[in-house]
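Structure file model.tsv (TSV, C-alpha atoms) is printed below.
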chain	number	residue	atom	x	y	z
E	1	MET	CA	0.00	0.00	0.00
E	2	SER	CA	1.39	3.41	-0.96
E	3	LEU	CA	2.35	5.96	1.67
E	4	GLN	CA	0.17	8.37	-0.29
E	5	ASP	CA	-2.92	6.17	0.20
E	6	PRO	CA	-5.39	8.27	2.26
E	7	ASN	CA	-6.33	5.13	4.22
E	8	VAL	CA	-2.84	4.71	5.64
E	9	VAL	CA	-2.68	5.84	9.26
E	10	ASN	CA	-0.09	8.62	9.78
E	11	ALA	CA	0.92	8.61	6.13
E	12	ARG	CA	3.72	11.08	5.53
E	13	LYS	CA	2.40	14.14	3.77
E	14	ARG	CA	4.30	14.98	0.59
E	15	LYS	CA	5.95	18.40	0.44
E	16	ARG	CA	4.57	20.73	-2.21
E	17	VAL	CA	6.55	23.35	-4.13
E	18	ALA	CA	5.23	26.15	-6.33
E	19	VAL	CA	7.76	26.95	-9.08
E	20	VAL	CA	7.28	30.29	-10.83
E	21	ILE	CA	8.61	30.96	-14.34
E	22	ALA	CA	8.44	34.24	-16.23
E	23	ASN	CA	6.04	35.01	-19.04
E	24	PRO	CA	7.42	35.88	-22.49
E	25	ALA	CA	8.48	39.47	-23.03
E	26	VAL	CA	10.60	41.65	-25.29
E	27	SER	CA	13.81	43.15	-23.95
E	28	THR	CA	13.67	46.93	-23.79
E	29	THR	CA	17.45	47.09	-24.13
E	30	THR	CA	18.06	44.72	-27.04
E	31	GLY	CA	14.66	44.25	-28.67
E	32	TRP	CA	15.12	40.47	-28.41
E	33	PRO	CA	12.39	38.08	-27.21
E	34	VAL	CA	13.11	36.95	-23.66
E	35	GLY	CA	11.65	34.39	-21.28
E	36	PHE	CA	12.55	31.93	-18.54
E	37	TRP	CA	15.67	29.72	-18.49
E	38	TRP	CA	15.08	26.00	-18.97
E	39	SER	CA	17.65	24.62	-16.51
E	40	GLU	CA	16.35	26.86	-13.74
E	41	LEU	CA	13.04	25.03	-13.99
E	42	THR	CA	14.15	21.55	-14.96
E	43	HIS	CA	17.09	20.98	-12.61
E	44	PRO	CA	15.15	21.96	-9.47
E	45	TYR	CA	12.14	20.03	-10.77
E	46	LEU	CA	14.22	16.85	-11.01
E	47	ALA	CA	15.67	17.32	-7.52
E	48	PHE	CA	12.23	17.91	-6.01
E	49	HIS	CA	10.77	14.93	-7.87
E	50	GLU	CA	13.54	12.68	-6.59
E	51	ALA	CA	12.84	13.93	-3.05
E	52	GLY	CA	9.22	12.85	-3.44
E	53	TYR	CA	7.81	16.37	-3.62
E	54	GLU	CA	4.81	17.53	-5.63
E	55	VAL	CA	5.61	20.43	-7.97
E	56	GLU	CA	3.25	22.84	-9.72
E	57	VAL	CA	4.35	25.44	-12.25
E	58	PHE	CA	2.99	28.98	-12.26
E	59	SER	CA	3.72	32.27	-14.01
E	60	PRO	CA	2.67	35.83	-13.20
E	61	ASP	CA	0.13	35.97	-16.05
E	62	GLY	CA	-0.51	32.27	-16.58
E	63	GLY	CA	-0.73	30.54	-19.94
E	64	ALA	CA	2.02	29.39	-22.27
E	65	CYS	CA	5.58	30.41	-21.44
E	66	GLU	CA	8.64	30.55	-23.68
E	67	ALA	CA	12.25	29.96	-22.71
E	68	ASP	CA	15.28	32.05	-23.62
E	69	ALA	CA	16.57	30.48	-26.83
E	70	MET	CA	20.10	29.83	-25.57
E	71	SER	CA	18.74	27.77	-22.67
E	72	ASP	CA	17.26	25.24	-25.10
E	73	PRO	CA	19.62	22.28	-25.74
E	74	ASN	CA	18.33	22.23	-29.34
E	75	ASP	CA	19.18	25.87	-30.06
E	76	ALA	CA	21.58	26.50	-32.94
E	77	SER	CA	23.95	28.35	-30.62
E	78	GLY	CA	24.80	25.09	-28.87
E	79	TYR	CA	25.14	26.96	-25.57
E	80	SER	CA	23.03	24.45	-23.61
E	81	ARG	CA	23.57	21.35	-25.76
E	82	THR	CA	24.93	19.33	-22.81
E	83	ASP	CA	21.88	20.01	-20.65
E	84	LEU	CA	20.38	16.53	-20.88
E	85	ILE	CA	18.01	17.18	-17.98
E	86	SER	CA	16.28	19.97	-19.89
E	87	GLN	CA	16.37	17.88	-23.06
E	88	GLY	CA	14.49	15.11	-21.31
E	89	PHE	CA	11.98	17.52	-19.80
E	90	ILE	CA	11.30	19.23	-23.14
E	91	HIS	CA	10.69	15.90	-24.86
E	92	THR	CA	8.42	14.46	-22.18
E	93	PRO	CA	4.88	15.55	-23.17
E	94	GLU	CA	3.37	15.61	-19.67
E	95	LEU	CA	6.26	17.75	-18.40
E	96	ARG	CA	6.33	20.10	-21.39
E	97	ALA	CA	2.61	20.63	-20.81
E	98	LEU	CA	3.45	22.23	-17.45
E	99	VAL	CA	5.13	25.08	-19.35
E	100	ASP	CA	2.58	25.29	-22.15
E	101	ASP	CA	-0.31	25.98	-19.77
E	102	THR	CA	0.81	27.53	-16.49
E	103	LYS	CA	-1.52	28.70	-13.76
E	104	THR	CA	-1.35	32.30	-12.60
E	105	VAL	CA	0.63	33.27	-9.51
E	106	ALA	CA	-2.59	34.74	-8.11
E	107	GLU	CA	-3.94	31.17	-7.94
E	108	ILE	CA	-1.21	30.02	-5.54
E	109	ASP	CA	-2.71	29.04	-2.19
E	110	VAL	CA	0.15	29.76	0.20
E	111	ALA	CA	-1.37	27.45	2.81
E	112	ALA	CA	-1.27	24.53	0.37
E	113	PHE	CA	2.46	24.76	-0.41
E	114	ASP	CA	5.64	24.41	1.62
E	115	ALA	CA	7.89	26.52	-0.63
E	116	ILE	CA	7.96	28.89	-3.56
E	117	VAL	CA	10.85	28.87	-6.05
E	118	VAL	CA	11.21	31.68	-8.60
E	119	ALA	CA	13.25	30.71	-11.65
E	120	GLY	CA	15.19	33.19	-13.73
E	121	GLY	CA	15.92	33.87	-17.36
E	122	GLN	CA	16.07	37.30	-18.94
E	123	ALA	CA	12.36	38.14	-18.73
E	124	PRO	CA	12.21	38.74	-14.94
E	125	MET	CA	14.43	41.80	-15.37
E	126	PHE	CA	11.79	43.39	-17.58
E	127	THR	CA	8.54	42.03	-16.15
E	128	PHE	CA	8.83	41.46	-12.40
E	129	GLU	CA	8.46	45.12	-11.48
E	130	GLY	CA	4.83	44.95	-12.54
E	131	ALA	CA	4.22	41.44	-11.19
E	132	THR	CA	2.55	42.64	-8.00
E	133	ASP	CA	0.84	39.32	-7.29
E	134	LEU	CA	4.26	37.68	-7.28
E	135	HIS	CA	5.64	40.34	-4.92
E	136	ALA	CA	2.80	39.60	-2.49
E	137	LYS	CA	2.93	35.80	-2.74
E	138	PHE	CA	6.70	35.64	-2.32
E	139	ALA	CA	6.50	37.85	0.77
E	140	ALA	CA	3.58	35.81	2.10
E	141	PHE	CA	5.60	32.58	1.92
E	142	PHE	CA	8.48	34.29	3.66
E	143	GLU	CA	6.40	35.80	6.44
E	144	ALA	CA	4.59	32.50	6.99
E	145	GLY	CA	7.97	30.90	7.74
E	146	LYS	CA	7.82	28.85	4.56
E	147	VAL	CA	10.76	28.57	2.19
E	148	ALA	CA	11.00	31.45	-0.28
E	149	ALA	CA	13.62	30.81	-2.96
E	150	ALA	CA	14.80	32.60	-6.08
E	151	LEU	CA	17.42	31.78	-8.68
E	152	CYS	CA	19.61	33.81	-11.05
E	153	HIS	CA	17.67	36.74	-12.57
E	154	GLY	CA	14.65	35.39	-10.72
E	155	CYS	CA	16.28	37.09	-7.75
E	156	ALA	CA	14.86	40.26	-9.30
E	157	ILE	CA	11.85	39.49	-7.09
E	158	LEU	CA	13.93	40.61	-4.10
E	159	ALA	CA	14.08	44.13	-5.51
E	160	TYR	CA	10.31	44.36	-5.01
E	161	ALA	CA	9.13	41.92	-2.33
E	162	LYS	CA	8.42	43.63	1.00
E	163	ASP	CA	7.04	42.36	4.28
E	164	SER	CA	3.88	43.56	6.02
E	165	GLN	CA	5.90	46.36	7.63
E	166	GLY	CA	6.99	47.67	4.24
E	167	GLN	CA	10.57	46.44	4.57
E	168	TYR	CA	12.40	44.56	1.83
E	169	ILE	CA	12.53	40.95	2.93
E	170	ALA	CA	16.12	40.68	1.69
E	171	LYS	CA	17.30	43.62	3.82
E	172	GLY	CA	19.97	42.49	6.27
E	173	ARG	CA	20.03	38.96	4.85
E	174	THR	CA	22.76	37.12	3.01
E	175	VAL	CA	21.72	36.49	-0.58
E	176	THR	CA	23.11	35.81	-4.02
E	177	GLY	CA	21.90	36.18	-7.60
E	178	PHE	CA	23.32	36.88	-11.04
E	179	ALA	CA	26.68	38.52	-10.38
E	180	ASN	CA	28.18	41.67	-11.87
E	181	VAL	CA	31.11	39.63	-13.21
E	182	GLU	CA	28.59	37.51	-15.11
E	183	GLU	CA	26.78	40.58	-16.43
E	184	ASP	CA	30.16	41.90	-17.59
E	185	PHE	CA	30.84	38.59	-19.32
E	186	ALA	CA	27.46	38.68	-21.09
E	187	ASP	CA	27.93	42.30	-22.18
E	188	ASN	CA	31.41	41.59	-23.55
E	189	ALA	CA	30.12	38.56	-25.43
E	190	VAL	CA	27.42	40.48	-27.30
E	191	TRP	CA	29.80	43.38	-27.90
E	192	SER	CA	32.44	41.06	-29.36
E	193	TYR	CA	29.89	39.67	-31.83
E	194	GLY	CA	28.72	43.16	-32.74
E	195	LEU	CA	25.21	42.47	-31.49
E	196	LEU	CA	25.10	45.63	-29.36
E	197	PRO	CA	27.09	48.86	-29.30
E	198	ARG	CA	29.61	49.02	-26.46
E	199	ASP	CA	27.67	51.67	-24.57
E	200	GLN	CA	24.59	49.42	-24.38
E	201	HIS	CA	24.11	46.68	-21.78
E	202	VAL	CA	22.09	43.48	-22.05
E	203	MET	CA	20.26	44.13	-18.80
E	204	PRO	CA	18.54	47.36	-17.75
E	205	TRP	CA	19.83	47.00	-14.16
E	206	ARG	CA	21.90	44.56	-12.13
E	207	ILE	CA	20.89	42.12	-9.41
E	208	GLU	CA	24.07	42.49	-7.35
E	209	ASP	CA	23.92	46.29	-7.33
E	210	GLN	CA	20.24	46.43	-6.47
E	211	LEU	CA	20.43	43.88	-3.67
E	212	GLU	CA	23.26	45.82	-2.09
E	213	ALA	CA	21.28	49.04	-2.51
E	214	ILE	CA	18.34	47.67	-0.51
E	215	GLY	CA	20.63	46.59	2.33
E	216	ALA	CA	21.18	42.90	1.60
E	217	ASN	CA	24.51	41.18	2.17
E	218	TYR	CA	25.25	40.05	-1.39
E	219	VAL	CA	27.73	37.18	-1.89
E	220	GLN	CA	28.74	35.12	-4.92
E	221	GLY	CA	30.78	32.03	-5.68
E	222	GLY	CA	32.69	33.13	-8.75
E	223	LEU	CA	32.10	33.36	-12.47
E	224	TRP	CA	29.64	30.66	-13.69
E	225	ARG	CA	30.16	28.49	-10.59
E	226	SER	CA	27.25	26.65	-9.01
E	227	PHE	CA	26.47	28.57	-5.83
E	228	ALA	CA	23.49	29.04	-3.56
E	229	VAL	CA	23.01	30.39	-0.07
E	230	ARG	CA	20.39	29.95	2.63
E	231	ASP	CA	19.62	32.56	5.26
E	232	GLY	CA	16.84	31.18	7.42
E	233	ASN	CA	13.89	30.44	5.15
E	234	LEU	CA	15.24	32.60	2.30
E	235	VAL	CA	17.20	30.66	-0.34
E	236	THR	CA	18.91	32.20	-3.36
E	237	GLY	CA	20.94	30.76	-6.25
E	238	GLN	CA	23.54	32.63	-8.27
E	239	GLN	CA	22.84	31.71	-11.90
E	240	ASN	CA	21.67	29.05	-14.35
E	241	PHE	CA	24.31	26.56	-13.18
E	242	SER	CA	22.96	26.77	-9.61
E	243	GLY	CA	19.55	25.13	-9.99
E	244	ALA	CA	20.44	21.83	-8.37
E	245	GLU	CA	22.30	23.53	-5.51
E	246	THR	CA	19.36	25.87	-4.91
E	247	ALA	CA	17.00	22.91	-4.81
E	248	ARG	CA	19.33	21.09	-2.41
E	249	LEU	CA	19.09	23.96	0.07
E	250	VAL	CA	15.30	24.07	-0.28
E	251	ILE	CA	15.15	20.32	0.42
E	252	GLU	CA	17.56	20.76	3.35
E	253	ALA	CA	15.21	23.36	4.80
E	254	LEU	CA	12.03	21.31	4.23
E	255	GLY	CA	13.22	17.77	4.79
E	256	ARG	CA	11.79	14.78	2.98

Starting from the coordinates I provided, produce the structure as C-alpha cells.
Amino acid sequence: MSLQDPNVVNARKRKRVAVVIANPAVSTTTGWPVGFWWSELTHPYLAFHEAGYEVEVFSPDGGACEADAMSDPNDASGYSRTDLISQGFIHTPELRALVDDTKTVAEIDVAAFDAIVVAGGQAPMFTFEGATDLHAKFAAFFEAGKVAAALCHGCAILAYAKDSQGQYIAKGRTVTGFANVEEDFADNAVWSYGLLPRDQHVMPWRIEDQLEAIGANYVQGGLWRSFAVRDGNLVTGQQNFSGAETARLVIEALGR
C-alpha cells in the first residue's frame, strides 16, 4: 500500500513546491524576445521529484511560457547542448505541458504549499516590477515561515518583495543572484559579436547592485560556478548553473 494512500494511518504528507517561471516578453534594451531559463526550472524540478515532492508550475500571467533560446539544448547556438536534464523535460509531453499551460501566480494558495521557487531567465528583469501578485505571494511565503527561494535573474523578485511592515525581505540577509562579473561577461560577449554597441548593456539593471542598494549582504561564488546560499527560510541561487544547488538547500530546509 502506498504511503500516499489516504487510508494509511499517519501517512507522511508529501511536500509541495510552487515553481514560478516568467512570461514571455521583449527586452527593452536589445529588442530580443526573452523568457525563462530552462535549466532553472528543470534541474530543481528533477531534484524535487527525486525527493518525493509535488511540484506545480505557475507564471505571473498564466498561460504558455517561452524559454530564452540559448537555454534550449536544441538551439543552434549550442550553448546548452549538454543540458540533458532539460532535453528530457522538453521531450516528455506531460512535463512540457506544465510550461505550455501555467496557472497564474494569483492562484497560488500559500497554505497549500511548503515553498515557492522563482526561476530566472532574462524576462524577470523586464517584467517582475509589474508582477505585484508575485511580490505579495513571495513575501507571504516568507512571512509564513515557509521557504521562499529565487534563482539567477529570478532574484529580481527581491528588488520588489516587501514584508507587512513595508521592509524589503532581503534587507539584512545574506543572498546571491546573477553577479556583476557575469553581467560583464554577457555584455562583452554580445559586444564582441557586434550584437550591441559598447555603450549598451544586455540588462537594464543589475541584481548584485540592487540587492546591495536595498541593504542585503550580497555574496557570490565566482564566475559561472554553481552557488546558492540559505539565510533562514530565504534561499537564493547565483545563476543558471545553480539550480540543483538551490533545490538542495530548499530540500535541506524542508526535509523529505

Under the rule of at most 12 Å, produce a per-residue listing of stretch 169-210 of chain E near stretch 112-131 of chain E: chain, number, name, the closest pair of atoms, and the distance in Å, as a tab-separated table, using only C-alpha atoms.
residue	atom	partner	partner_atom	distance
E:Gly177	CA	E:Gly120	CA	9.6
E:Phe178	CA	E:Gly120	CA	9.3
E:Glu183	CA	E:Gln122	CA	11.5
E:Ala186	CA	E:Gln122	CA	11.7
E:Val202	CA	E:Gln122	CA	9.2
E:Met203	CA	E:Met125	CA	7.2
E:Pro204	CA	E:Met125	CA	7.3
E:Trp205	CA	E:Met125	CA	7.6
E:Arg206	CA	E:Met125	CA	8.6
E:Ile207	CA	E:Met125	CA	8.8
E:Gln210	CA	E:Met125	CA	11.6

Given 6 Å on each side, where is the centre and what are the edge lengths in Å to one decimal of the axis-aligned box enclosing the listed atoms of stretch 163-181 of chain E, as lines of an AutoDock Vina configuration file?
center_x = 17.5
center_y = 41.7
center_z = -2.8
size_x = 39.2
size_y = 23.9
size_z = 32.8

> For E:Ala111, which of E:Val20, E:Ile169, E:Val219, E:Ala144 is the closest residue, counting only C-alpha atoms?
Replying inline: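 Once distances to E:Ala111 are computed over only C-alpha atoms, the minimum belongs to E:Ala144.
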
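Going from atom CA of E:Ser59 over to atom CA of E:Val19, you cover 8.3 Å.
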
>> Could you list, as a PyMOL selection string, every residue within 12 Å of E:Ala18, counting only C-alpha atoms and ignoring same-chain residues fewer than 6 positions away?
In response: chain E and resi 41+44-45+48+53-59+98+102-119+134+137-138+141+146-150+250

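Across E:Gly222, E:Gly31, E:Pro93, E:Gly243, the tightest approach to E:Leu151 is made by E:Gly243 when counting only C-alpha atoms.
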
> Pick the closest to E:Trp224 from E:Glu182, E:Glu94, E:Asp209, E:Glu50: which is it, counting all atoms listed in the file?
Replying inline: E:Glu182

>> Just want the 12 Å neighbourhood of E:Pro33, counted on only C-alpha atoms, with same-chain residues fewer than 4 positions away dropped. Output as a list in words.
In response: Asn23, Pro24, Ala25, Val26, Ser27, Thr28, Thr29, Cys65, Glu66, Ala67, Asp68, Ala69, Met70, Gly121, Gln122, Ala123 and Phe126 of chain E

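One distance worth recording is that between atom CA of E:Lys15 and atom CA of E:Ala253, which is 11.4 Å.
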
>> Just to confirm, what's the straight-line distance from atom CA of E:Gly215 to atom CA of E:Gly172 in Å (one decimal)?
In response: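 According to the coordinates, atom CA of E:Gly215 and atom CA of E:Gly172 are separated by 5.7 Å.
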
>> Which residues are close to E:His135, i.e. within 9 Å by only C-alpha atoms, leaving aside same-chain residues fewer than 6 positions away? Reply as JSON, numbers by chain.
In response: {"E": [128, 129, 157, 158, 160, 161, 162]}

>> Quick one: residues within 10 Å of stretch 78-91 of chain E, all atoms listed in the file, excluding same-chain residues fewer than 4 positions away - as a list of chain:residue names?
In response: E:Trp37, E:Trp38, E:Ser39, E:Glu40, E:Leu41, E:Thr42, E:His43, E:Tyr45, E:Leu46, E:Ala69, E:Met70, E:Ser71, E:Asp72, E:Pro73, E:Asn74, E:Leu95, E:Arg96, E:Ala97, E:Val99

Go ahead and find all residues with at least one atom no further than 9 Å from (25.6, 45.2, 4.6) in the file's coordinates, using all atoms listed in the file; report them as a PDB file with C-alpha atoms, keeping the file's coordinate frame.
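Result saved to out.pdb:
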ATOM      1  CA  LYS E 171      17.300  43.620   3.820  1.00  0.00           C
ATOM      2  CA  GLY E 172      19.970  42.490   6.270  1.00  0.00           C
ATOM      3  CA  ARG E 173      20.030  38.960   4.850  1.00  0.00           C
ATOM      4  CA  THR E 174      22.760  37.120   3.010  1.00  0.00           C
ATOM      5  CA  GLU E 212      23.260  45.820  -2.090  1.00  0.00           C
ATOM      6  CA  GLY E 215      20.630  46.590   2.330  1.00  0.00           C
ATOM      7  CA  ALA E 216      21.180  42.900   1.600  1.00  0.00           C
ATOM      8  CA  ASN E 217      24.510  41.180   2.170  1.00  0.00           C
ATOM      9  CA  TYR E 218      25.250  40.050  -1.390  1.00  0.00           C
TER      10      TYR E 218
END

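Comparing E:Arg256, E:Leu195, E:Pro60, E:Thr30 by their smallest distance to E:Lys13, the closest is E:Arg256 (using only C-alpha atoms).
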
> From the set E:Asp163, E:Ser77, E:Ala22, E:Glu252, which residue has the shortest atom-to-atom contact distance to E:Gly35, counting all atoms listed in the file?
Replying inline: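 Of E:Asp163, E:Ser77, E:Ala22, E:Glu252, the one nearest E:Gly35 is E:Ala22, counting all atoms listed in the file.
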
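Comparing the minimum interatomic distances between E:Ile251 and each of E:Leu223, E:Cys155, E:Ala139, E:Ala47, counting only C-alpha atoms, we find that E:Ala47 sits nearest.
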